[in-house]
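Data from start23.cif: mmCIF, C-alpha atoms
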```cif
data_final
#
loop_
_atom_site.label_atom_id
_atom_site.label_comp_id
_atom_site.auth_asym_id
_atom_site.auth_seq_id
_atom_site.Cartn_x
_atom_site.Cartn_y
_atom_site.Cartn_z
CA MET A 1 91.36 81.17 92.38
CA GLU A 2 93.74 83.27 90.28
CA GLU A 3 91.18 83.37 87.47
CA HIS A 4 88.46 84.47 89.89
CA LEU A 5 90.70 87.17 91.37
CA ARG A 6 91.42 88.47 87.89
CA LYS A 7 87.70 88.72 87.11
CA TYR A 8 87.07 90.39 90.47
CA ALA A 9 89.83 92.92 89.81
CA GLU A 10 88.35 93.58 86.37
CA LEU A 11 84.98 94.24 88.00
CA ALA A 12 86.48 96.74 90.45
CA VAL A 13 88.42 98.57 87.73
CA LYS A 14 86.02 98.37 84.77
CA VAL A 15 82.64 98.47 86.54
CA GLY A 16 83.47 99.84 90.00
CA VAL A 17 85.53 102.94 89.14
CA ASN A 18 85.09 102.58 85.37
CA LEU A 19 88.71 103.62 84.86
CA GLN A 20 89.36 105.61 81.69
CA PRO A 21 92.58 105.61 79.62
CA GLY A 22 95.09 108.15 80.91
CA GLN A 23 93.51 108.32 84.36
CA ASN A 24 95.29 107.89 87.70
CA LEU A 25 94.12 105.18 90.12
CA VAL A 26 94.59 105.27 93.90
CA ILE A 27 94.28 101.94 95.75
CA GLY A 28 93.92 102.58 99.49
CA PHE A 29 93.43 105.96 101.16
CA GLY A 30 92.62 107.42 104.58
CA ARG A 31 91.82 104.71 107.13
CA ARG A 32 91.57 102.05 104.42
CA GLN A 33 95.13 101.19 103.54
CA VAL A 34 96.15 98.04 101.66
CA TYR A 35 97.44 95.28 103.94
CA ALA A 36 100.17 92.76 103.21
CA GLU A 37 97.55 89.98 103.01
CA HIS A 38 96.02 91.82 100.07
CA LEU A 39 99.22 91.67 98.03
CA GLU A 40 97.95 89.25 95.38
CA PHE A 41 94.63 91.06 94.87
CA ALA A 42 96.32 94.49 94.88
CA ARG A 43 98.73 93.34 92.18
CA GLN A 44 95.81 92.09 90.10
CA LEU A 45 94.18 95.53 90.45
CA VAL A 46 97.40 97.24 89.37
CA ASP A 47 97.81 94.92 86.38
CA VAL A 48 94.20 95.34 85.23
CA ALA A 49 94.45 99.12 85.67
CA TYR A 50 97.58 99.46 83.56
CA ASP A 51 96.05 97.15 80.95
CA ALA A 52 93.08 99.55 80.89
CA GLY A 53 95.43 102.46 80.15
CA ALA A 54 96.02 103.92 83.62
CA LYS A 55 98.49 106.79 83.72
CA PHE A 56 99.70 105.99 87.25
CA VAL A 57 98.58 103.57 89.97
CA GLN A 58 99.24 104.49 93.60
CA VAL A 59 99.04 101.75 96.25
CA ASP A 60 98.95 102.97 99.86
CA TRP A 61 100.37 100.05 101.86
CA GLY A 62 99.60 99.64 105.55
CA ASP A 63 99.63 97.16 108.44
CA GLU A 64 96.89 96.52 111.01
CA TRP A 65 99.28 95.41 113.74
CA TRP A 66 101.10 98.73 113.38
CA ILE A 67 97.79 100.62 113.49
CA ARG A 68 96.71 98.84 116.67
CA GLU A 69 100.00 99.41 118.47
CA THR A 70 100.15 103.05 117.38
CA VAL A 71 96.62 103.72 118.61
CA LYS A 72 97.48 101.93 121.85
CA ARG A 73 100.92 103.42 122.56
CA GLY A 74 101.89 106.00 119.92
CA SER A 75 101.51 109.75 119.62
CA LEU A 76 98.07 110.49 118.19
CA GLU A 77 99.24 114.00 117.31
CA THR A 78 101.95 112.50 115.10
CA LEU A 79 99.41 110.08 113.63
CA GLU A 80 97.29 113.08 112.64
CA ALA A 81 100.31 114.83 111.14
CA ARG A 82 101.05 111.70 109.11
CA ALA A 83 97.45 111.65 107.85
CA LYS A 84 97.81 115.25 106.68
CA TRP A 85 100.94 114.29 104.77
CA GLN A 86 99.11 111.36 103.15
CA LEU A 87 96.22 113.64 102.24
CA GLU A 88 98.48 115.98 100.27
CA TRP A 89 99.42 113.21 97.84
CA VAL A 90 95.83 111.93 97.56
CA GLU A 91 94.59 115.46 96.87
CA HIS A 92 97.29 115.96 94.24
CA LEU A 93 96.16 112.86 92.38
CA ALA A 94 92.49 113.82 92.84
CA LYS A 95 93.14 117.17 91.16
CA GLU A 96 94.49 115.21 88.20
CA GLY A 97 91.20 113.31 88.01
CA ALA A 98 92.13 110.09 89.85
CA ALA A 99 89.72 107.27 90.65
CA PHE A 100 89.82 105.58 94.06
CA ILE A 101 89.55 101.96 95.20
CA ALA A 102 89.57 100.90 98.85
CA ILE A 103 89.76 97.35 100.24
CA PRO A 104 87.76 97.39 103.52
CA ALA A 105 88.85 94.36 105.53
CA SER A 106 89.49 95.35 109.13
CA ASN A 107 89.94 92.90 111.98
CA PRO A 108 86.57 93.12 113.81
CA ASP A 109 88.40 92.85 117.16
CA LEU A 110 91.30 95.13 116.24
CA TYR A 111 90.98 97.47 119.22
CA GLU A 112 89.87 94.92 121.81
CA GLY A 113 91.27 95.94 125.19
CA ILE A 114 92.37 99.43 124.11
CA ASP A 115 91.03 102.56 125.81
CA PRO A 116 87.96 103.56 123.72
CA ALA A 117 88.88 107.23 124.18
CA ARG A 118 92.17 106.68 122.35
CA VAL A 119 90.43 104.74 119.59
CA THR A 120 87.92 107.56 119.15
CA ALA A 121 90.66 110.19 119.16
CA ALA A 122 92.66 108.30 116.53
CA GLU A 123 89.59 107.80 114.36
CA ARG A 124 88.69 111.47 114.64
CA ALA A 125 92.26 112.54 113.77
CA ILE A 126 92.21 110.64 110.48
CA SER A 127 88.55 111.21 109.60
CA SER A 128 88.71 114.95 110.23
CA THR A 129 91.88 115.20 108.13
CA PHE A 130 90.23 113.46 105.18
CA ARG A 131 86.80 115.04 105.77
CA ASP A 132 86.77 117.53 102.89
CA PHE A 133 88.17 114.93 100.50
CA ASP A 134 85.61 112.34 101.65
CA ASN A 135 82.81 114.88 101.30
CA ARG A 136 83.78 115.49 97.69
CA ARG A 137 84.18 111.76 97.08
CA THR A 138 80.79 110.80 98.53
CA ALA A 139 79.22 113.70 96.60
CA ASP A 140 80.49 111.85 93.50
CA GLN A 141 83.02 114.44 92.42
CA TYR A 142 85.37 111.46 91.93
CA ARG A 143 84.73 107.88 90.91
CA TRP A 144 85.35 105.43 93.73
CA THR A 145 84.52 101.93 94.84
CA LEU A 146 84.90 99.57 97.80
CA ALA A 147 85.95 96.00 96.94
CA SER A 148 87.06 93.81 99.81
CA ALA A 149 89.51 90.94 100.28
CA PRO A 150 90.14 88.65 103.28
CA THR A 151 92.63 88.85 106.10
CA GLN A 152 93.29 86.00 108.50
CA ALA A 153 91.90 87.89 111.50
CA TRP A 154 88.69 88.71 109.65
CA ALA A 155 88.34 85.16 108.32
CA ASP A 156 88.85 83.79 111.85
CA LYS A 157 85.92 85.90 113.05
CA VAL A 158 83.59 84.99 110.18
CA HIS A 159 84.37 81.25 109.96
CA PRO A 160 85.41 79.99 113.43
CA GLU A 161 83.68 76.66 112.66
CA LEU A 162 86.36 75.77 110.09
CA PRO A 163 89.99 74.69 110.59
CA GLU A 164 92.19 77.80 110.60
CA ALA A 165 93.89 76.85 107.33
CA GLU A 166 90.53 76.78 105.49
CA ARG A 167 89.09 80.08 106.69
CA ILE A 168 90.75 82.44 104.19
CA ASP A 169 89.56 80.40 101.21
CA ALA A 170 86.05 80.19 102.67
CA LEU A 171 85.88 83.95 103.12
CA TRP A 172 87.22 84.48 99.59
CA LYS A 173 84.37 82.33 98.26
CA ASP A 174 81.89 84.36 100.30
CA ILE A 175 83.27 87.66 99.00
CA LEU A 176 83.33 86.56 95.37
CA PHE A 177 79.76 85.25 95.64
CA CYS A 178 78.51 88.45 97.24
CA ALA A 179 80.31 90.53 94.61
CA ARG A 180 78.77 88.48 91.79
CA ALA A 181 82.24 87.61 90.56
CA LEU A 182 81.89 83.82 90.18
CA GLY A 183 79.98 83.62 86.89
CA ASP A 184 81.37 83.17 83.40
CA ASN A 185 80.87 86.85 82.60
CA PRO A 186 80.72 88.91 85.81
CA VAL A 187 80.78 92.23 83.95
CA GLU A 188 77.60 91.31 82.05
CA ASP A 189 76.03 89.93 85.25
CA TRP A 190 76.66 93.30 86.89
CA ARG A 191 75.05 95.19 84.03
CA LYS A 192 71.84 93.18 84.59
CA HIS A 193 72.05 93.66 88.36
CA ILE A 194 72.54 97.41 87.98
CA ASP A 195 69.55 97.58 85.65
CA ASN A 196 67.31 95.76 88.16
CA LEU A 197 68.30 98.07 91.00
CA ARG A 198 67.74 101.09 88.78
CA LYS A 199 64.21 99.90 88.03
CA ARG A 200 63.55 99.62 91.77
CA SER A 201 64.79 103.14 92.50
CA ASP A 202 62.82 104.48 89.52
CA TYR A 203 59.67 102.87 90.95
CA LEU A 204 60.21 104.47 94.36
CA ASN A 205 60.84 107.84 92.71
CA SER A 206 57.55 107.51 90.83
CA LEU A 207 55.63 107.31 94.13
CA HIS A 208 56.66 110.81 95.31
CA ILE A 209 57.12 109.60 98.88
CA HIS A 210 56.85 112.02 101.79
CA SER A 211 57.74 109.57 104.58
CA LEU A 212 58.34 105.92 105.43
CA HIS A 213 56.78 104.10 108.38
CA TYR A 214 58.79 101.14 109.71
CA GLN A 215 57.17 98.53 111.95
CA ALA A 216 58.86 95.45 113.44
CA PRO A 217 59.54 94.04 116.91
CA GLY A 218 61.24 96.87 118.80
CA THR A 219 60.72 99.30 115.91
CA ASP A 220 58.01 101.87 115.26
CA LEU A 221 59.68 104.64 113.29
CA THR A 222 58.56 107.34 110.88
CA VAL A 223 61.19 108.86 108.59
CA GLU A 224 60.35 111.87 106.45
CA LEU A 225 62.47 112.11 103.32
CA ALA A 226 64.39 115.24 102.36
CA PRO A 227 62.52 117.74 100.18
CA LYS A 228 63.25 117.10 96.49
CA HIS A 229 65.00 113.83 97.38
CA TYR A 230 65.54 111.05 94.91
CA TRP A 231 66.21 107.34 95.28
CA THR A 232 69.32 105.91 93.69
CA SER A 233 71.14 102.59 93.55
CA ALA A 234 74.32 100.88 92.43
CA GLN A 235 75.46 102.99 89.52
CA LYS A 236 75.67 106.78 89.41
CA PRO A 237 77.48 109.29 87.22
CA ALA A 238 80.41 111.16 88.72
CA LEU A 239 80.86 114.88 88.14
CA ASP A 240 82.63 114.09 84.86
CA GLY A 241 79.53 112.22 83.64
CA VAL A 242 81.20 108.79 83.68
CA PRO A 243 79.14 106.19 85.62
CA PHE A 244 80.62 104.16 88.48
CA VAL A 245 79.54 101.73 91.21
CA ALA A 246 80.59 102.78 94.72
CA ASN A 247 80.08 99.47 96.57
CA MET A 248 80.86 95.94 95.41
CA PRO A 249 78.70 94.20 96.57
CA THR A 250 75.57 96.30 96.58
CA GLU A 251 71.91 95.25 96.93
CA GLU A 252 70.41 98.50 98.20
CA VAL A 253 68.36 101.41 96.98
CA PHE A 254 68.81 104.50 99.14
CA THR A 255 68.07 108.18 99.66
CA SER A 256 68.42 111.00 102.18
CA PRO A 257 66.08 111.57 105.14
CA SER A 258 64.89 114.98 106.25
CA LYS A 259 67.14 115.99 109.15
CA TYR A 260 64.35 116.98 111.53
CA GLY A 261 61.71 114.54 110.27
CA VAL A 262 62.52 111.32 112.16
CA ASN A 263 60.32 110.22 115.07
CA GLY A 264 59.90 107.01 117.03
CA VAL A 265 62.01 104.05 118.08
CA VAL A 266 64.22 101.69 116.08
CA THR A 267 66.08 98.54 117.13
CA SER A 268 68.96 96.96 115.25
CA THR A 269 68.68 93.39 113.98
CA MET A 270 72.37 92.62 113.36
CA PRO A 271 75.56 93.44 115.25
CA LEU A 272 77.48 96.50 114.09
CA ASN A 273 81.26 96.34 113.97
CA HIS A 274 82.70 99.83 114.22
CA ASN A 275 86.37 100.69 114.67
CA GLY A 276 87.27 97.25 115.99
CA THR A 277 84.38 97.01 118.47
CA THR A 278 81.19 94.99 117.95
CA ILE A 279 77.94 96.60 119.13
CA HIS A 280 74.87 94.40 119.76
CA GLY A 281 71.23 95.35 120.31
CA ILE A 282 71.22 99.03 119.36
CA ARG A 283 68.07 100.92 120.35
CA LEU A 284 67.54 104.55 119.37
CA LYS A 285 64.70 106.94 120.14
CA PHE A 286 64.17 109.96 117.88
CA GLU A 287 62.24 113.17 118.44
CA LYS A 288 62.10 115.73 115.63
CA GLY A 289 65.05 114.01 113.96
CA ARG A 290 67.36 113.98 116.97
CA ILE A 291 68.50 110.90 118.88
CA VAL A 292 67.23 111.63 122.39
CA GLU A 293 67.88 108.19 123.89
CA TYR A 294 70.27 105.42 122.93
CA SER A 295 71.35 102.09 124.37
CA ALA A 296 73.02 98.84 123.37
CA GLU A 297 73.02 95.36 124.86
CA GLN A 298 76.78 95.18 124.28
CA GLY A 299 79.27 97.85 123.25
CA GLU A 300 77.28 100.82 124.53
CA GLY A 301 80.49 102.81 125.05
CA ALA A 302 81.30 102.45 121.34
CA LEU A 303 77.74 103.49 120.45
CA LYS A 304 78.11 106.56 122.65
CA ASN A 305 81.30 107.50 120.79
CA ILE A 306 79.33 107.38 117.53
CA VAL A 307 76.26 109.32 118.69
CA GLU A 308 78.20 111.90 120.72
CA ALA A 309 80.90 112.51 118.08
CA ASP A 310 79.37 115.88 117.14
CA GLU A 311 75.96 117.52 116.89
CA GLY A 312 75.30 116.02 113.45
CA SER A 313 75.88 112.50 114.74
CA HIS A 314 72.60 112.84 116.68
CA TYR A 315 70.70 112.76 113.36
CA LEU A 316 70.32 110.42 110.40
CA GLY A 317 71.96 110.76 107.00
CA GLU A 318 70.77 107.79 104.95
CA VAL A 319 67.77 105.52 104.43
CA ALA A 320 68.47 102.26 102.56
CA LEU A 321 66.16 99.40 101.62
CA VAL A 322 67.34 95.80 101.07
CA PRO A 323 64.96 92.80 100.86
CA VAL A 324 65.52 89.70 102.98
CA ASP A 325 65.55 87.55 99.85
CA SER A 326 68.59 89.25 98.33
CA PRO A 327 71.46 86.78 97.68
CA ILE A 328 73.60 88.11 100.56
CA ALA A 329 70.69 88.08 103.01
CA GLU A 330 69.83 84.50 102.08
CA MET A 331 73.38 83.40 102.92
CA GLY A 332 72.61 84.05 106.59
CA GLN A 333 76.28 84.89 107.17
CA LEU A 334 77.34 87.63 109.56
CA PHE A 335 80.45 89.32 108.15
CA TYR A 336 81.25 91.84 110.92
CA ASN A 337 81.95 94.20 108.01
CA THR A 338 79.43 96.87 107.06
CA LEU A 339 80.11 96.62 103.32
CA PHE A 340 78.59 93.14 103.41
CA ASP A 341 76.21 93.26 106.38
CA GLU A 342 74.44 96.40 105.13
CA ASN A 343 73.68 94.58 101.87
CA ALA A 344 71.84 91.86 103.77
CA SER A 345 69.45 94.20 105.57
CA CYS A 346 67.51 97.44 105.44
CA HIS A 347 69.64 100.01 107.22
CA LEU A 348 69.93 103.58 108.38
CA ALA A 349 73.04 105.70 108.78
CA ILE A 350 73.85 107.91 111.72
CA GLY A 351 75.52 111.15 110.66
CA ARG A 352 76.47 112.73 107.35
CA ALA A 353 73.97 112.63 104.48
CA TYR A 354 74.70 112.04 100.86
CA PRO A 355 73.25 115.00 98.90
CA LEU A 356 70.59 112.89 97.17
CA VAL A 357 68.36 115.83 96.31
CA GLU A 358 67.81 117.73 93.09
CA GLY A 359 70.95 119.74 92.35
CA GLY A 360 72.73 118.06 95.26
CA GLU A 361 76.07 118.01 93.46
CA ASN A 362 76.16 121.80 93.75
CA ILE A 363 75.22 122.03 97.45
CA GLY A 364 78.06 122.92 99.83
CA HIS A 365 78.09 121.39 103.30
CA GLY A 366 77.34 124.77 104.81
CA ASP A 367 74.04 124.71 102.94
CA TYR A 368 73.00 121.15 103.83
CA GLU A 369 70.49 122.13 106.49
CA ALA A 370 68.66 124.50 104.14
CA HIS A 371 67.97 121.47 101.95
CA GLY A 372 66.90 119.22 104.83
CA LEU A 373 70.22 117.36 104.90
CA ASN A 374 72.39 116.45 107.87
CA ASP A 375 76.15 116.99 108.14
CA SER A 376 78.56 115.27 110.50
CA LEU A 377 82.03 113.82 110.78
CA MET A 378 80.36 110.42 111.11
CA HIS A 379 78.52 108.20 108.64
CA VAL A 380 77.80 104.89 110.34
CA ASP A 381 75.32 102.39 108.91
CA PHE A 382 73.42 100.05 111.23
CA MET A 383 71.11 97.23 110.20
CA ILE A 384 67.39 97.17 111.06
CA GLY A 385 65.81 94.82 108.50
CA SER A 386 64.32 91.39 109.16
CA ASN A 387 61.62 89.00 107.95
CA GLN A 388 59.30 90.75 110.42
CA MET A 389 59.79 94.23 108.99
CA ASN A 390 56.86 96.01 107.33
CA ILE A 391 57.39 99.36 105.60
CA ASP A 392 54.71 101.70 104.31
CA ALA A 393 55.23 104.78 102.17
CA ILE A 394 53.07 107.83 102.78
CA THR A 395 52.98 109.90 99.61
CA HIS A 396 52.72 113.66 99.22
CA ASP A 397 49.05 113.27 98.30
CA ASN A 398 48.50 111.27 101.54
CA GLN A 399 48.22 107.80 100.06
CA THR A 400 49.63 104.86 102.02
CA ILE A 401 51.44 102.31 99.87
CA ALA A 402 52.89 99.05 101.16
CA ILE A 403 56.58 98.94 100.21
CA MET A 404 57.75 95.87 102.15
CA ARG A 405 55.95 93.08 103.94
CA ASP A 406 57.86 90.57 106.05
CA GLY A 407 61.06 92.09 104.73
CA LYS A 408 60.27 91.55 101.03
CA TRP A 409 59.28 93.96 98.28
CA THR A 410 55.55 94.03 97.71
CA THR A 411 55.84 94.98 94.03
CA PRO A 412 58.04 93.29 91.40
CA VAL A 413 59.98 95.46 88.92
#
```

Please express what this file holds, its structure, as structure tokens.
Amino acid sequence: MEEHLRKYAELAVKVGVNLQPGQNLVIGFGRRQVYAEHLEFARQLVDVAYDAGAKFVQVDWGDEWWIRETVKRGSLETLEARAKWQLEWVEHLAKEGAAFIAIPASNPDLYEGIDPARVTAAERAISSTFRDFDNRRTADQYRWTLASAPTQAWADKVHPELPEAERIDALWKDILFCARALGDNPVEDWRKHIDNLRKRSDYLNSLHIHSLHYQAPGTDLTVELAPKHYWTSAQKPALDGVPFVANMPTEEVFTSPSKYGVNGVVTSTMPLNHNGTTIHGIRLKFEKGRIVEYSAEQGEGALKNIVEADEGSHYLGEVALVPVDSPIAEMGQLFYNTLFDENASCHLAIGRAYPLVEGGENIGHGDYEAHGLNDSLMHVDFMIGSNQMNIDAITHDNQTIAIMRDGKWTTPV
């Protein structure tokens, strides 16, 4: 396992953030602190980073039990003040050109039994504090990546069929498989994977798509794409021109929808775990881009907190395509963690858009709407893909092209 962890850490540092000599590295930031159970992996990341010539490595340690009890019983005003203090240090390192790694691994049931209003207030306090930083990060002004590692609570949720003592190892194997970290040369494997995803996004860009039409049980949805949008995939250049991979794993190609161009109904096909609450059976109805009706079979209160967070959370910010025969999808494993579940299914995101339009790196958030983009405090992915999903592209010259049938790509690349 130590050898696999070393290779995984090398992937995160050398492929994920593509750390350069003399650069700072931040491990953990905002809501995604590094937990005690991540000690071994975090140390591997630190070691690999310094071997790669890092100037300074910052590890932001945290504890989920403390987070839960603070959200339940502590002063949320003080929690927000603490977040502002944390932000100052992160911003200082960012100004020096730092790269950022987070280890998303929350307990899916973390806030079970806690007043949802307090959970939402705590989430808003931290998210709003880090909003400007996160906007710059997701606009690729910095290099960043998400690379997960197990905790016992998460492993218990994913593998309840196993004896408790075996669950962590089982989840580690899942994570390393999904992250393509189990081969003899994972770095080379990733180069091939990145190239394949790039070919797929290049193909979609060549079609000059105006809108996508989704059809599946419970779904009949048309999504116009933002004017001058482009499709992208695993690897992108940051503002400094150095390429990086934001998510490990990643199986998607994605772009930005037109804020007011979404109409119809969509139904989720997988549970969504958000802020320690699991939401089942999401159904959304859109008119002129806006969510005008929403419901869930379970966790509707948590869904309401997402949709009603602000005006922008009534609109979509991302369109992502993932075939049902991708390696993660074929596992058939529910992870209760969006980093993994979104890479097993086509998905949409409620809320803030990534500026995936020509010249997007120079567009301020105040100008998003003029470019057909949505802005919000939220960015929440939910899964809609299945082996019954058909997707057609309608091009700008009014051709209809089959993109997916029964959840699979219709055209090889």

I'd like the residues picked by the PyMOL selection byres ((chain A and resi 91-102) around 7) written out as a ChimeraX atom specification, using the chain letters and numbers from the file. /A:17,19,23-29,32,87-90,103-104,142-147

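What the PyMOL selection byres ((chain A and resi 222) around 8) matches in the given file is Ser211, Leu212, His213, Tyr214, Asp220, Leu221, Val223, Glu224, Gly261, Val262, Asn263 and Gly264 of chain A.
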
Evaluate the PyMOL selection byres ((chain A and resi 290-302) around 9) against this structure - the residues, as number ranges by chain, please. A: 116, 120, 259-263, 274-275, 277-289, 303-307, 312-316

Dump C-alpha atoms for the selected residues as a short mmCIF file (atom, residue, chain, number, x, y, z; two decimals), keeping the file's coordinate frame?
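Once written, selection22.cif looks like this:
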```cif
data_model
loop_
_atom_site.label_atom_id
_atom_site.label_comp_id
_atom_site.auth_asym_id
_atom_site.auth_seq_id
_atom_site.Cartn_x
_atom_site.Cartn_y
_atom_site.Cartn_z
CA PRO A 116 87.96 103.56 123.72
CA THR A 120 87.92 107.56 119.15
CA LYS A 259 67.14 115.99 109.15
CA TYR A 260 64.35 116.98 111.53
CA GLY A 261 61.71 114.54 110.27
CA VAL A 262 62.52 111.32 112.16
CA ASN A 263 60.32 110.22 115.07
CA HIS A 274 82.70 99.83 114.22
CA ASN A 275 86.37 100.69 114.67
CA THR A 277 84.38 97.01 118.47
CA THR A 278 81.19 94.99 117.95
CA ILE A 279 77.94 96.60 119.13
CA HIS A 280 74.87 94.40 119.76
CA GLY A 281 71.23 95.35 120.31
CA ILE A 282 71.22 99.03 119.36
CA ARG A 283 68.07 100.92 120.35
CA LEU A 284 67.54 104.55 119.37
CA LYS A 285 64.70 106.94 120.14
CA PHE A 286 64.17 109.96 117.88
CA GLU A 287 62.24 113.17 118.44
CA LYS A 288 62.10 115.73 115.63
CA GLY A 289 65.05 114.01 113.96
CA LEU A 303 77.74 103.49 120.45
CA LYS A 304 78.11 106.56 122.65
CA ASN A 305 81.30 107.50 120.79
CA ILE A 306 79.33 107.38 117.53
CA VAL A 307 76.26 109.32 118.69
CA GLY A 312 75.30 116.02 113.45
CA SER A 313 75.88 112.50 114.74
CA HIS A 314 72.60 112.84 116.68
CA TYR A 315 70.70 112.76 113.36
CA LEU A 316 70.32 110.42 110.40
#
```

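With distances taken over all atoms listed in the file, A:Ile391 is the one residue among A:Ala121, A:Ile391, A:Val15, A:Val187 lying closest to Ala216 of chain A.
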
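Between atom CA of Met378 of chain A and atom CA of Gln86 of chain A the interatomic distance comes to 20.4 Å.
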
If we count all atoms listed in the file, what is near Cys178 of chain A at a cut-off of 8 Å, once residues fewer than 5 positions away on the same chain are taken out, given as a short mmCIF file (atom, residue, chain, number, x, y, z; two decimals) with C-alpha atoms, in the coordinates of the input?
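Output file out_13.cif follows:
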```cif
data_model
loop_
_atom_site.label_atom_id
_atom_site.label_comp_id
_atom_site.auth_asym_id
_atom_site.auth_seq_id
_atom_site.Cartn_x
_atom_site.Cartn_y
_atom_site.Cartn_z
CA PRO A 249 78.70 94.20 96.57
CA PRO A 327 71.46 86.78 97.68
CA ILE A 328 73.60 88.11 100.56
CA PHE A 340 78.59 93.14 103.41
#
```

Selected residue, from A:Asn390, A:Gln141, A:Thr395, A:Thr250, that lies nearest to Ala329 of chain A when counting only C-alpha atoms: A:Thr250

At a cut-off of 10 Å from (84.8, 89.1, 114.3) in the coordinates of the file, what residues are picked up using only C-alpha atoms, written as a ChimeraX atom specification? /A:106-110,153-160,273,276-278,334-337

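With all atoms listed in the file as the atoms that count, the minimum distance from Arg6 of chain A to the choices A:Gly351, A:Pro271, A:Gly385, A:Pro186 is reached by A:Pro186.
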
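Excluding Trp231 of chain A and any residue on its chain fewer than 6 positions from it, the residues at most 8 Å away by all atoms listed in the file are A:Ser201, A:Asp202, A:Leu204, A:Asn205, A:Val253, A:Phe254, A:Thr255, A:Leu356.
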
What's around Arg405 of chain A at 12 Å? Count only C-alpha atoms, leave out sequence neighbours fewer than 3 positions away in its own chain, and write the answer as a ChimeraX atom specification. /A:213-216,323-325,385-393,401-402,408-411

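Atom to atom, atom CA of Gly332 of chain A and atom CA of Ala344 of chain A stand 8.3 Å apart.
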
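Rounded to one decimal, atom CA of Gly113 of chain A and atom CA of Lys84 of chain A lie 27.5 Å from each other.
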
Test item: residues at most 10 Å from Val48 of chain A, all atoms listed in the file, excluding those fewer than 2 positions along its chain, as a ChimeraX atom specification: /A:6-7,9-14,19,42-46,50-54

For Pro237 of chain A: contacts at 8 Å, all atoms listed in the file, fewer than 6 positions along chain excluded, given as a short mmCIF file (atom, residue, chain, number, x, y, z; two decimals) with C-alpha atoms, in the coordinates of the input:
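To be explicit, this is the file written out as result-v1.cif:
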```cif
data_model
loop_
_atom_site.label_atom_id
_atom_site.label_comp_id
_atom_site.auth_asym_id
_atom_site.auth_seq_id
_atom_site.Cartn_x
_atom_site.Cartn_y
_atom_site.Cartn_z
CA ASP A 140 80.49 111.85 93.50
CA PRO A 243 79.14 106.19 85.62
CA PHE A 244 80.62 104.16 88.48
#
```

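Considering the residues A:Arg167, A:Lys55, A:Arg31, A:Arg136 and counting only C-alpha atoms, Leu79 of chain A has its shortest atom-to-atom contact with A:Arg31.
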
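Using all atoms listed in the file, the shortest contact distance between Arg82 of chain A and any of A:Gly62, A:Ile126, A:Leu207, A:Ser268 is found at A:Ile126.
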
Residue list as an MDAnalysis selection string for point (99.5, 96.1, 106.1), cut-off 6 Å, only C-alpha atoms: chainID A and resid 34:36 61:64
